[in-house]
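*Asks:* Below: one structure in structure tokens.
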Amino acid sequence: MALWFLRGLGRQVVTTRYPSVLDPWASALPTPPSFVPSRLTAELVHRLVESCPSGALRQEDRELVLDVGACTACGTCQRIAPDAVTTSGVFELAATARAHLVKRIPIQGGDK
Amino acid sequence: MAVPGHEEDRLAARLAGDIHGLFGRSLHIRTIDTGSCAVCESEIRLLLAPHYDLHRLGLFFTPAPRHADLLMVTGPVVRVMELPLAKTYAAMPEPKLVVAVGACPLGGVFDEDEIVRGRLDQVLPVDVFIPGCPPSPLALLQGLLVAVGRLAERVGALSFVAGEETSK
Amino acid sequence: MTAPLLWAAGTAWVLAAGLGLGASRKIFLLAAGAVSAAGGAACLVGGVLLAMRGRATTTTLGAGNVVGRLDLRAAPLASAFLVLLGLVTLAIGCYAPRYHKPERGTAAYLCAYNLAALASLAVLVAGDVTTFLIAWESMTRACSLVILRHWRRAGVREGAFLFLALGEVGFAMVVAAFVILATHAHSLDLSVIAAHAQSIPIGWRSTAFVLALLGFGFKAGLAPLHIWLPAAHPVAPADGSAYLSGLVIKLGVYGVMLFGFELLGHGPLWWGLLVMALGAFSALIGILYAVVERDLKRFLAYSSVENVGIIMTSVGASMTFSYYHQPVLGAFLLLVALYHVVNHGTYKTLLFLEAGVVEHASGIRDLDRLGGLVHHMRASSVISLVGTLGIAALPPLNGFVSEWMLFEGLFQGFRVHSHVVGVLILIAAATIGLTAGLAVLAFARAFGIAFLGMPRSAEAARATETGQPVLGPGLLAAACVALGVGAPAVLVALDHVVRGVTGVQLRPMLLVSNLTVIPGHTNFSGFSPTYLAVFLVAVTVVPIAIYAASRPRGATQRVPVWDGGLMSYRARMQYTATTFSNPVRVTFQRLYRPDIHIDRASDDPAGSSGPVHYRTKVQPIFEQYLYRPIARFVKALARLLQPIQSGDVNQYLLYILVVLVVAYLVYAW
């Protein structure tokens with residue numbers, strides 16, 4: 001009992017101080033993807049849409065539509081096209097309207 | 001979707017101020033599972049652990065909807081849970097907030113069929129949507145604080161285009 | 001002033017009996033009720049005046065008459081019982097016209113009831129042995145006619161038979177006790193017997209005491225002599241049951257007190273201990289059987305057994321303390337016993353009258369099928385609630401005051417200079433404590449299941465207040481509150497009574513600064529029922545007033561009760577009376593020996609197995625192990641003696657010859 005107490009004193013306070021201070025490990029949280037519009041081609045977008053296991057990606061006209069609400073941050077799209085897709089690093093995704101979670105990324109790569 | 005006009009903006013701002021005044025420092029949360037896989041519940045349960053310590057923010061869980069200010073809904077709203085969900089929402093006194101947690105109530109996992117409704121905002125007026133599968137406890141904290149007006153929503157202004165303003 | 005009032009009461013009841021004979025017409029029914037109530041009021045006032053006077057008055061009827069004379073004596077001991085008689089008959093007089101229908105059965109019933117009231121009055125003012133015995137037997141007979149109102153229904157004749165049979169056995173014992181005393185005192189006058197008490201040899205006095213205790217115990221409902229109560233009460237009409245439980249059993253208590261405190265003088269230690277032991281046993285048995293009882297009236301009957309036990313415990317402890325030269329505590333516990341007599345009479349009568357209202361409104365007495373009566377029977381629910389709070393001994397009502405005083409008296413057992421007896425008194429206190437706890441459970445169950453929640457059957461859902469009597473029970477509810485909050489006034493009156501009986505001046509050891517009650521000693525404990533009542537009202541009313549004044553307008557919504565979000569909440573999902581008392585049934589199963597049968601339609605798992613029937617029955621152990629063996633023995637004895645009654649005339653002539661020869665021989669010597 002005393003040992004646990006002393007060990008705790010040694011470890012100091014582990015409670016997060018969010019929202020005033022962001023913990024350093026928060027950067028390792030799985031987050032939805034960010035896209036590089038210049039590297040997105042129609043064919044790549046088609047492959048990304050097919051591969052998304054939760055159906056968060058779809059193509060409309062010349063835009064790639066990312067539904068952040070459906071994204072599970074599995075990382076599949078990043079594994080398929082690592083130079084076109086990166087992690088956004090954003091985990092603070094709360095939205096007051098459903099429409100705020102639907103993002104449109106222009107497809108500007110390859111043949112226009 | 002119609003663009004909110006000046007009057008609606010003013011009313012929304014005033015309502016937000018009221019909500020912050022009422023709930024900013026003390027909020028009671030009632031969770032309800034409308035058919036989820038319980039992983040979101042694990043993350044919600046972690047909020048009471050010493051690492052995240054929900055109580056330091058003045059947020060508490062309560063099992064009684066009569067004492068609750070905010071309804072936290074997980075799961076894709078299966079049809080047999082619609083009546084208990086409606087009863088729970090009706091048992092909460094005004095003013096009340098609704099938060100949809102995870103991809104399920106956002107319509108991201110299941111399509112509407114004879115078993116599930118799929119989307120929570122077709123059944124209840126939702127104030128905050130928290131995406132994630134499951135959302136991490138920090139994301140849940142952010143969502144709750146957005147609901148009570150202590151933090152501002154951030155995702156609306158983001159574009160998810162690499163190299164632009166997507167930063168911590 | 002007392003005597004004229006009591007004469008007026010008696011006359012009123014004779015008149016009401018006569019009017020009652022015409023009760024197949026509504027006007028006579030109303031008149032009989034009104035006159036009976038008036039008689040009750042006269043008796044009530046007469047009793048109060050007698051209590052305040054504290055001395056006895058005597059009158060003789062028919063002195064110098066050839067037929068016989070009746071001595072009447074209004075003594076202080078009887079005054080508390082006269083007050084109770086007045087209160088009970090007043091309430092029942094207001095209740096009966098609305099409860100009964102004008103028909104021939106009602107006419108006979110009302111006549112019998114009023115004659116029973118008259119006979120009870122005669123018992124209480126009897127001044128000599130013959131008057132007492134004639135009045136006692138008349139009361140028993142009249143009460144059996146009261147029970148037999150609906151004699152064609154199932155169980156009525158058995159109930160009345162049990163009442164009459166045990167009443168006769170008790171009467172035989174009482175006659176024997178009186179005969180012993182009268183023979184030794186050479187007089188039939190009760191005051192003369194009381195004066196000669198100490199000169200009677202102790203063996204005879206003890207025999208008389210035991211005979212009186214058992215004989216009057218049959219009427220009082222002291223366990224194990226109580227079995228007529230659960231048989232007779234459910235089948236009698238509600239006001240008849242109320243009269244039985246409210247007054248008649250108290251007459252048994254009066255008989256024991258008469259013998260114990262007036263006619264026998266001071267006795268050995270074991271008298272008090274015996275009464276205390278029987279009282280504690282009766283209290284516990286009564287409430288244990290009450291808790292598991294489904295029939296509302298039988299439940300109230302068992303609760304009467306419990307309360308008689310409490311009163312007897314107080315009487316026994318009083319005798320014990322007096323033996324150990326603690327006259328103040330002895331007088332105090334006698335006062336508590338008298339106070340509890342009045343209190344219990346008040347709220348038990350109220351509860352029986354309300355049980356009658358419930359039975360008339362819904363047609364059922366079964367707690368498992370009642371429920372939700374509060375929605376359509378507001379007045380009856382409030383009145384029943386007052387009675388329930390009183391009998392469960394919750395402050396600030398009268399039951400609380402008398403039970404508090406009883407406990408405080410018993411807790412002073414350490415003042416007795418005998419460790420063994422002190423421990424015995426404490427065991428009695430602990431038993432009464434257990435009883436009090438179980439009583440709260442039992443009455444929370446009875447009131448909650450019957451009145452609150454959702455109706456468990458269609459009949460309960462249909463019950464309404466219209467046409468139900470409210471005035472009589474309402475008067476008793478007001479009396480409960482008055483006896484509780486105005487306890488200091490009641491105690492002043494009872495102090496006069498106790499001084500008249502025991503000669504002990506209790507007042508300075510009872511009431512401090514007019515409003516605080518102390519149990520016989522100044523440095524033990526104390527509380528004020530009046531201040532407590534005021535405090536409780538303030539603590540309830542003031543926050544409500546503050547809230548109501550500060551609440552924003554229009555902020556209230558009426559919403560359904562939160563039921564956990566279930567798909568549908570049905571009445572069958574509620575607790576039933578049987579399940580509510582299940583923990584007690586399981587804990588005391590050695591006593592109840594419940595007979596449990598479970599029938600399943602099939603062995604399939606729950607949900608598809610079809611209906612499951614669960615039957616549980618509590619064994620009547622007193623009937624099985626005490627009364628039936630005695631009855632079998634008596635029948636065997638009778639069969640042995642059967643040949644004497646051969647019907648043969650020659651044999652009977654032989655008997656006459658034998659008796660003549662024996663008489664001649666005896667006379668010749």
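Labels for the structure tokens follow display order: chains A, B, ..., residues from 1 in each chain, ligands from 1.
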Could the residues of chain A that have an atom at most 10 Å from chain B be listed as a tab-separated table, each with its closest atom pair and the distance in Å to one decimal, counting only C-alpha atoms and ordered by chain and ascending residue number?
*Replies:*
```
residue	atom	partner	partner_atom	distance
A:Val13	CA	B:His51	CA	8.9
A:Val14	CA	B:His51	CA	5.9
A:Thr15	CA	B:His51	CA	4.2
A:Thr16	CA	B:Tyr52	CA	5.7
A:Arg17	CA	B:Tyr52	CA	8.2
A:Tyr18	CA	B:Leu138	CA	7.7
A:Pro19	CA	B:Gln142	CA	7.6
A:Leu22	CA	B:Lys168	CA	9.1
A:Asp23	CA	B:Leu138	CA	9.8
A:Ala26	CA	B:Leu138	CA	8.3
A:Ser27	CA	B:Lys168	CA	8.2
A:Leu29	CA	B:Ser136	CA	7.9
A:Pro30	CA	B:Ser136	CA	8.8
A:Thr31	CA	B:Gly132	CA	8.3
A:Pro32	CA	B:Phe160	CA	8.4
A:Pro33	CA	B:Phe160	CA	7.1
A:Ser34	CA	B:Phe160	CA	4.6
A:Phe35	CA	B:Val161	CA	4.9
A:Val36	CA	B:Ala162	CA	5.3
A:Pro37	CA	B:Val161	CA	7.0
A:Pro53	CA	B:Val109	CA	9.7
A:Ser54	CA	B:Val109	CA	6.4
A:Gly55	CA	B:Gly108	CA	7.4
A:Ala56	CA	B:Gly108	CA	7.2
A:Leu66	CA	B:Phe160	CA	8.6
A:Asp67	CA	B:Gly108	CA	8.1
A:Val68	CA	B:Pro131	CA	6.7
A:Gly69	CA	B:Pro131	CA	4.7
A:Ala70	CA	B:Gly108	CA	3.9
A:Cys71	CA	B:Gly132	CA	6.6
A:Thr72	CA	B:Cys133	CA	4.8
A:Ala73	CA	B:Gly132	CA	7.3
A:Cys74	CA	B:Cys133	CA	9.0
A:Ala84	CA	B:Ala162	CA	8.8
A:Val85	CA	B:Ala162	CA	7.9
A:Thr86	CA	B:Ala162	CA	7.0
A:Thr87	CA	B:Ala162	CA	8.4
A:Ser88	CA	B:Thr166	CA	6.2
A:Gly89	CA	B:Ser167	CA	6.8
A:Val90	CA	B:Lys168	CA	6.6
A:Phe91	CA	B:Ala139	CA	5.9
A:Glu92	CA	B:Ala139	CA	5.3
A:Leu93	CA	B:Val155	CA	5.3
A:Ala94	CA	B:Ile130	CA	4.5
A:Ala95	CA	B:Phe129	CA	5.1
A:Thr96	CA	B:Val128	CA	4.5
A:Ala97	CA	B:Val128	CA	6.9
A:Arg98	CA	B:Phe129	CA	6.8
A:Ala99	CA	B:Met1	CA	8.6
A:His100	CA	B:Gly156	CA	4.8
A:Leu101	CA	B:Gly156	CA	6.8
A:Val102	CA	B:Gly156	CA	9.0
A:Lys103	CA	B:Ser159	CA	6.3
A:Arg104	CA	B:Ser159	CA	7.5
A:Ile105	CA	B:Val161	CA	6.7
A:Pro106	CA	B:Val161	CA	9.1
```
*Asks:* Please identify every residue of chain B that has at least one atom no farther than 9 Å from an atom of chain C, counting only C-alpha atoms, and for each give the shortest atom pair and the distance in Å to one decimal, arranged by chain then increasing number, as CSV.
*Replies:*
```
residue,atom,partner,partner_atom,distance
B:Ala64,CA,C:Gly564,CA,8.6
B:Pro65,CA,C:Trp562,CA,8.2
B:Arg66,CA,C:Trp562,CA,7.9
B:Val80,CA,C:Met567,CA,8.9
B:Leu83,CA,C:Met567,CA,6.8
B:Pro84,CA,C:Gly565,CA,4.4
B:Leu85,CA,C:Gly565,CA,7.3
B:Ala86,CA,C:Gly565,CA,8.3
B:Lys87,CA,C:Gly565,CA,5.6
B:Thr88,CA,C:Gly565,CA,6.2
B:Ala90,CA,C:Val559,CA,8.1
B:Ala91,CA,C:Trp562,CA,6.5
B:Pro93,CA,C:Gln557,CA,8.9
```
*Asks:* With N, CA and C atoms retained, could you export that selection as an mmCIF file, in the first residue's frame?
*Replies:*
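Output (part-v4.cif):
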```cif
data_model
loop_
_atom_site.group_PDB
_atom_site.id
_atom_site.type_symbol
_atom_site.label_atom_id
_atom_site.label_comp_id
_atom_site.auth_asym_id
_atom_site.auth_seq_id
_atom_site.Cartn_x
_atom_site.Cartn_y
_atom_site.Cartn_z
ATOM 1 N N ALA B 64 -30.245 8.419 -14.345
ATOM 2 C CA ALA B 64 -31.648 8.824 -14.359
ATOM 3 C C ALA B 64 -31.848 9.931 -15.371
ATOM 4 N N PRO B 65 -32.670 9.721 -16.378
ATOM 5 C CA PRO B 65 -32.869 10.799 -17.346
ATOM 6 C C PRO B 65 -33.514 12.033 -16.746
ATOM 7 N N ARG B 66 -34.222 11.865 -15.656
ATOM 8 C CA ARG B 66 -34.818 13.040 -15.013
ATOM 9 C C ARG B 66 -33.759 13.988 -14.469
ATOM 10 N N VAL B 80 -36.027 -1.485 -32.513
ATOM 11 C CA VAL B 80 -36.620 -1.845 -31.209
ATOM 12 C C VAL B 80 -36.143 -0.920 -30.101
ATOM 13 N N LEU B 83 -38.379 3.256 -29.315
ATOM 14 C CA LEU B 83 -39.311 3.673 -28.264
ATOM 15 C C LEU B 83 -38.580 3.982 -26.965
ATOM 16 N N PRO B 84 -37.671 3.119 -26.469
ATOM 17 C CA PRO B 84 -36.934 3.508 -25.259
ATOM 18 C C PRO B 84 -36.139 4.790 -25.442
ATOM 19 N N LEU B 85 -35.584 4.989 -26.658
ATOM 20 C CA LEU B 85 -34.845 6.225 -26.902
ATOM 21 C C LEU B 85 -35.779 7.426 -26.804
ATOM 22 N N ALA B 86 -36.935 7.318 -27.428
ATOM 23 C CA ALA B 86 -37.893 8.428 -27.374
ATOM 24 C C ALA B 86 -38.346 8.671 -25.939
ATOM 25 N N LYS B 87 -38.600 7.589 -25.189
ATOM 26 C CA LYS B 87 -39.032 7.752 -23.789
ATOM 27 C C LYS B 87 -37.942 8.396 -22.950
ATOM 28 N N THR B 88 -36.687 7.977 -23.174
ATOM 29 C CA THR B 88 -35.592 8.571 -22.410
ATOM 30 C C THR B 88 -35.476 10.054 -22.720
ATOM 31 N N ALA B 90 -37.815 12.011 -23.798
ATOM 32 C CA ALA B 90 -38.967 12.728 -23.241
ATOM 33 C C ALA B 90 -38.863 12.867 -21.732
ATOM 34 N N ALA B 91 -38.180 11.942 -21.066
ATOM 35 C CA ALA B 91 -38.071 12.005 -19.605
ATOM 36 C C ALA B 91 -37.070 13.041 -19.146
ATOM 37 N N PRO B 93 -35.704 16.720 -18.598
ATOM 38 C CA PRO B 93 -36.315 18.046 -18.552
ATOM 39 C C PRO B 93 -35.579 19.034 -19.451
#
```
*Asks:* Among stretch 10-61 of chain B, which ones does DSSP assign to strand (DSSP E) (computed from the backbone)? Answer as a PyMOL selection string.
*Replies:* chain B and resi 27-33+59-61
*Asks:* If you count only C-alpha atoms, which residues fall within 8 Å of A:Gly110, apart from same-chain ones fewer than 6 positions away, as a list in words?
*Replies:*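 Counting only C-alpha atoms, the residues come to Ser38, Arg39, Leu40, Thr41 and Ala42 of chain A.
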*Asks:* What does the file look like for those residues with N, CA and C atoms, as a PDB file, in the first residue's frame?
*Replies:*
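What landed in part-v6.pdb:
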```pdb
ATOM      1  N   SER A  38      -3.293  17.735 -55.900  1.00  0.00           N
ATOM      2  CA  SER A  38      -2.532  17.657 -57.151  1.00  0.00           C
ATOM      3  C   SER A  38      -2.128  16.244 -57.491  1.00  0.00           C
ATOM      4  N   ARG A  39      -2.156  15.338 -56.516  1.00  0.00           N
ATOM      5  CA  ARG A  39      -1.763  13.960 -56.835  1.00  0.00           C
ATOM      6  C   ARG A  39      -2.966  13.045 -57.048  1.00  0.00           C
ATOM      7  N   LEU A  40      -4.164  13.594 -56.941  1.00  0.00           N
ATOM      8  CA  LEU A  40      -5.356  12.763 -57.109  1.00  0.00           C
ATOM      9  C   LEU A  40      -5.708  12.687 -58.573  1.00  0.00           C
ATOM     10  N   THR A  41      -5.714  11.456 -59.111  1.00  0.00           N
ATOM     11  CA  THR A  41      -6.195  11.272 -60.477  1.00  0.00           C
ATOM     12  C   THR A  41      -7.531  10.560 -60.415  1.00  0.00           C
ATOM     13  N   ALA A  42      -8.236  10.580 -61.493  1.00  0.00           N
ATOM     14  CA  ALA A  42      -9.546   9.953 -61.527  1.00  0.00           C
ATOM     15  C   ALA A  42      -9.437   8.466 -61.216  1.00  0.00           C
TER      16      ALA A  42
END
```
*Asks:* List every residue of chain A that DSSP, applied to the backbone of this structure, assigns to helix (DSSP H, G or I), and report them as a PDB file with N, CA and C atoms, in the first residue's frame.
*Replies:*
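Below is the file selection-v1.pdb, written as the result:
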```
ATOM      1  N   ALA A   2       1.892   1.223   0.862  1.00  0.00           N
ATOM      2  CA  ALA A   2       2.799   2.374   0.932  1.00  0.00           C
ATOM      3  C   ALA A   2       3.607   2.455  -0.352  1.00  0.00           C
ATOM      4  N   LEU A   3       3.988   1.288  -0.880  1.00  0.00           N
ATOM      5  CA  LEU A   3       4.793   1.245  -2.099  1.00  0.00           C
ATOM      6  C   LEU A   3       4.024   1.854  -3.267  1.00  0.00           C
ATOM      7  N   TRP A   4       2.753   1.522  -3.359  1.00  0.00           N
ATOM      8  CA  TRP A   4       1.910   2.051  -4.423  1.00  0.00           C
ATOM      9  C   TRP A   4       1.826   3.564  -4.314  1.00  0.00           C
ATOM     10  N   PHE A   5       1.713   4.031  -3.085  1.00  0.00           N
ATOM     11  CA  PHE A   5       1.589   5.463  -2.857  1.00  0.00           C
ATOM     12  C   PHE A   5       2.865   6.179  -3.274  1.00  0.00           C
ATOM     13  N   LEU A   6       4.008   5.594  -2.870  1.00  0.00           N
ATOM     14  CA  LEU A   6       5.292   6.230  -3.210  1.00  0.00           C
ATOM     15  C   LEU A   6       5.516   6.197  -4.711  1.00  0.00           C
ATOM     16  N   ARG A   7       5.139   5.056  -5.324  1.00  0.00           N
ATOM     17  CA  ARG A   7       5.305   4.943  -6.764  1.00  0.00           C
ATOM     18  C   ARG A   7       4.455   6.005  -7.466  1.00  0.00           C
ATOM     19  N   GLY A   8       3.257   6.188  -6.987  1.00  0.00           N
ATOM     20  CA  GLY A   8       2.396   7.208  -7.560  1.00  0.00           C
ATOM     21  C   GLY A   8       2.990   8.607  -7.416  1.00  0.00           C
ATOM     22  N   LEU A   9       3.558   8.865  -6.232  1.00  0.00           N
ATOM     23  CA  LEU A   9       4.200  10.169  -6.041  1.00  0.00           C
ATOM     24  C   LEU A   9       5.332  10.353  -7.048  1.00  0.00           C
ATOM     25  N   GLY A  10       6.034   9.246  -7.314  1.00  0.00           N
ATOM     26  CA  GLY A  10       7.140   9.343  -8.254  1.00  0.00           C
ATOM     27  C   GLY A  10       6.644   9.644  -9.659  1.00  0.00           C
ATOM     28  N   ARG A  11       5.540   8.975 -10.027  1.00  0.00           N
ATOM     29  CA  ARG A  11       5.047   9.174 -11.393  1.00  0.00           C
ATOM     30  C   ARG A  11       4.398  10.539 -11.581  1.00  0.00           C
ATOM     31  N   PRO A  24       1.439  15.229 -25.463  1.00  0.00           N
ATOM     32  CA  PRO A  24       2.278  14.922 -26.632  1.00  0.00           C
ATOM     33  C   PRO A  24       1.851  13.657 -27.351  1.00  0.00           C
ATOM     34  N   TRP A  25       1.274  12.676 -26.653  1.00  0.00           N
ATOM     35  CA  TRP A  25       0.932  11.433 -27.327  1.00  0.00           C
ATOM     36  C   TRP A  25      -0.318  11.580 -28.188  1.00  0.00           C
ATOM     37  N   ALA A  26      -1.009  12.723 -28.079  1.00  0.00           N
ATOM     38  CA  ALA A  26      -2.213  12.890 -28.883  1.00  0.00           C
ATOM     39  C   ALA A  26      -1.897  12.905 -30.368  1.00  0.00           C
ATOM     40  N   SER A  27      -0.681  13.201 -30.698  1.00  0.00           N
ATOM     41  CA  SER A  27      -0.343  13.226 -32.128  1.00  0.00           C
ATOM     42  C   SER A  27      -0.317  11.827 -32.710  1.00  0.00           C
ATOM     43  N   ALA A  28      -0.287  10.789 -31.863  1.00  0.00           N
ATOM     44  CA  ALA A  28      -0.248   9.427 -32.382  1.00  0.00           C
ATOM     45  C   ALA A  28      -1.628   8.830 -32.536  1.00  0.00           C
ATOM     46  N   PRO A  37      -4.500  17.377 -53.407  1.00  0.00           N
ATOM     47  CA  PRO A  37      -5.353  17.424 -54.611  1.00  0.00           C
ATOM     48  C   PRO A  37      -4.559  17.245 -55.909  1.00  0.00           C
ATOM     49  N   SER A  38      -3.293  17.735 -55.900  1.00  0.00           N
ATOM     50  CA  SER A  38      -2.532  17.657 -57.151  1.00  0.00           C
ATOM     51  C   SER A  38      -2.128  16.244 -57.491  1.00  0.00           C
ATOM     52  N   ARG A  39      -2.156  15.338 -56.516  1.00  0.00           N
ATOM     53  CA  ARG A  39      -1.763  13.960 -56.835  1.00  0.00           C
ATOM     54  C   ARG A  39      -2.966  13.045 -57.048  1.00  0.00           C
ATOM     55  N   ALA A  42      -8.236  10.580 -61.493  1.00  0.00           N
ATOM     56  CA  ALA A  42      -9.546   9.953 -61.527  1.00  0.00           C
ATOM     57  C   ALA A  42      -9.437   8.466 -61.216  1.00  0.00           C
ATOM     58  N   GLU A  43      -8.397   7.877 -61.789  1.00  0.00           N
ATOM     59  CA  GLU A  43      -8.245   6.431 -61.591  1.00  0.00           C
ATOM     60  C   GLU A  43      -7.872   6.119 -60.159  1.00  0.00           C
ATOM     61  N   LEU A  44      -7.011   6.984 -59.570  1.00  0.00           N
ATOM     62  CA  LEU A  44      -6.630   6.776 -58.173  1.00  0.00           C
ATOM     63  C   LEU A  44      -7.841   6.964 -57.264  1.00  0.00           C
ATOM     64  N   VAL A  45      -8.610   7.984 -57.583  1.00  0.00           N
ATOM     65  CA  VAL A  45      -9.797   8.258 -56.765  1.00  0.00           C
ATOM     66  C   VAL A  45     -10.747   7.073 -56.838  1.00  0.00           C
ATOM     67  N   HIS A  46     -10.882   6.511 -58.054  1.00  0.00           N
ATOM     68  CA  HIS A  46     -11.761   5.341 -58.177  1.00  0.00           C
ATOM     69  C   HIS A  46     -11.276   4.212 -57.301  1.00  0.00           C
ATOM     70  N   ARG A  47      -9.949   3.989 -57.299  1.00  0.00           N
ATOM     71  CA  ARG A  47      -9.398   2.914 -56.462  1.00  0.00           C
ATOM     72  C   ARG A  47      -9.608   3.201 -54.971  1.00  0.00           C
ATOM     73  N   LEU A  48      -9.431   4.472 -54.585  1.00  0.00           N
ATOM     74  CA  LEU A  48      -9.606   4.823 -53.173  1.00  0.00           C
ATOM     75  C   LEU A  48     -11.059   4.594 -52.741  1.00  0.00           C
ATOM     76  N   VAL A  49     -11.989   5.016 -53.630  1.00  0.00           N
ATOM     77  CA  VAL A  49     -13.403   4.853 -53.278  1.00  0.00           C
ATOM     78  C   VAL A  49     -13.735   3.384 -53.092  1.00  0.00           C
ATOM     79  N   GLU A  50     -13.192   2.536 -54.028  1.00  0.00           N
ATOM     80  CA  GLU A  50     -13.479   1.107 -53.923  1.00  0.00           C
ATOM     81  C   GLU A  50     -12.922   0.503 -52.644  1.00  0.00           C
ATOM     82  N   SER A  51     -11.759   1.048 -52.224  1.00  0.00           N
ATOM     83  CA  SER A  51     -11.060   0.378 -51.130  1.00  0.00           C
ATOM     84  C   SER A  51     -11.553   0.817 -49.750  1.00  0.00           C
ATOM     85  N   THR A  76      -6.476   2.643 -44.572  1.00  0.00           N
ATOM     86  CA  THR A  76      -6.385   1.879 -45.832  1.00  0.00           C
ATOM     87  C   THR A  76      -6.056   2.792 -47.000  1.00  0.00           C
ATOM     88  N   CYS A  77      -6.739   3.953 -47.058  1.00  0.00           N
ATOM     89  CA  CYS A  77      -6.499   4.832 -48.207  1.00  0.00           C
ATOM     90  C   CYS A  77      -5.067   5.352 -48.191  1.00  0.00           C
ATOM     91  N   GLN A  78      -4.508   5.532 -47.008  1.00  0.00           N
ATOM     92  CA  GLN A  78      -3.124   6.007 -46.946  1.00  0.00           C
ATOM     93  C   GLN A  78      -2.147   4.925 -47.386  1.00  0.00           C
ATOM     94  N   ARG A  79      -2.488   3.669 -47.047  1.00  0.00           N
ATOM     95  CA  ARG A  79      -1.595   2.579 -47.441  1.00  0.00           C
ATOM     96  C   ARG A  79      -1.617   2.391 -48.953  1.00  0.00           C
ATOM     97  N   ILE A  80      -2.759   2.635 -49.577  1.00  0.00           N
ATOM     98  CA  ILE A  80      -2.851   2.434 -51.024  1.00  0.00           C
ATOM     99  C   ILE A  80      -2.072   3.515 -51.762  1.00  0.00           C
ATOM    100  N   ARG A  98     -24.415  18.094 -39.257  1.00  0.00           N
ATOM    101  CA  ARG A  98     -23.922  16.934 -39.995  1.00  0.00           C
ATOM    102  C   ARG A  98     -23.215  17.352 -41.264  1.00  0.00           C
ATOM    103  N   ALA A  99     -23.674  18.449 -41.867  1.00  0.00           N
ATOM    104  CA  ALA A  99     -23.086  18.880 -43.138  1.00  0.00           C
ATOM    105  C   ALA A  99     -21.643  19.343 -42.951  1.00  0.00           C
ATOM    106  N   HIS A 100     -21.276  19.770 -41.754  1.00  0.00           N
ATOM    107  CA  HIS A 100     -19.903  20.228 -41.544  1.00  0.00           C
ATOM    108  C   HIS A 100     -18.899  19.098 -41.681  1.00  0.00           C
ATOM    109  N   LEU A 101     -19.384  17.866 -41.636  1.00  0.00           N
ATOM    110  CA  LEU A 101     -18.467  16.738 -41.695  1.00  0.00           C
ATOM    111  C   LEU A 101     -18.292  16.200 -43.115  1.00  0.00           C
TER     112      LEU A 101
END
```
*Asks:* Neighbouring residues of stretch 6-15 of chain B were defined as those with any atom within 12 Å, considering only C-alpha atoms; residues of the same chain fewer than 2 positions away were excluded. Please report them as a short mmCIF file (atom, residue, chain, number, x, y, z; two decimals) with N, CA and C atoms, in the first residue's frame.
*Replies:*
```cif
data_model
loop_
_atom_site.label_atom_id
_atom_site.label_comp_id
_atom_site.auth_asym_id
_atom_site.auth_seq_id
_atom_site.Cartn_x
_atom_site.Cartn_y
_atom_site.Cartn_z
N THR A 96 -21.29 20.64 -35.07
CA THR A 96 -22.64 20.99 -34.64
C THR A 96 -23.68 20.75 -35.72
N ALA B 2 -30.52 25.35 -46.26
CA ALA B 2 -30.62 26.81 -46.32
C ALA B 2 -29.51 27.46 -45.51
N VAL B 3 -29.07 28.56 -45.99
CA VAL B 3 -27.99 29.29 -45.29
C VAL B 3 -28.64 30.07 -44.15
N PRO B 4 -28.14 29.95 -42.95
CA PRO B 4 -28.78 30.66 -41.82
C PRO B 4 -28.65 32.16 -42.00
N GLY B 17 -25.03 31.25 -25.74
CA GLY B 17 -24.64 31.89 -24.49
C GLY B 17 -25.41 31.33 -23.31
N ASP B 18 -26.74 31.10 -23.54
CA ASP B 18 -27.54 30.53 -22.46
C ASP B 18 -27.05 29.14 -22.08
N ILE B 19 -26.79 28.35 -23.10
CA ILE B 19 -26.34 26.98 -22.84
C ILE B 19 -25.05 27.01 -22.05
N HIS B 20 -24.14 27.88 -22.46
CA HIS B 20 -22.87 27.95 -21.74
C HIS B 20 -23.08 28.38 -20.30
N GLY B 21 -23.99 29.33 -20.11
CA GLY B 21 -24.25 29.78 -18.74
C GLY B 21 -24.84 28.67 -17.88
N LEU B 22 -25.73 27.87 -18.49
CA LEU B 22 -26.38 26.82 -17.69
C LEU B 22 -25.45 25.64 -17.45
N PHE B 23 -24.84 25.18 -18.50
CA PHE B 23 -24.16 23.89 -18.43
C PHE B 23 -22.64 23.98 -18.46
N PRO B 95 -33.77 22.60 -20.32
CA PRO B 95 -33.18 22.43 -21.64
C PRO B 95 -32.32 21.18 -21.71
N LEU B 97 -29.65 18.56 -24.28
CA LEU B 97 -28.78 18.48 -25.45
C LEU B 97 -28.68 17.02 -25.87
N ASP B 127 -27.38 17.91 -31.30
CA ASP B 127 -26.62 19.16 -31.17
C ASP B 127 -25.19 19.00 -31.62
N ALA B 147 -20.36 20.89 -26.96
CA ALA B 147 -21.80 20.90 -26.70
C ALA B 147 -22.17 21.93 -25.66
N VAL B 148 -21.34 22.12 -24.63
CA VAL B 148 -21.67 23.11 -23.59
C VAL B 148 -21.08 24.48 -23.88
N GLY B 149 -20.42 24.62 -25.02
CA GLY B 149 -19.95 25.95 -25.40
C GLY B 149 -18.64 26.36 -24.78
#
```
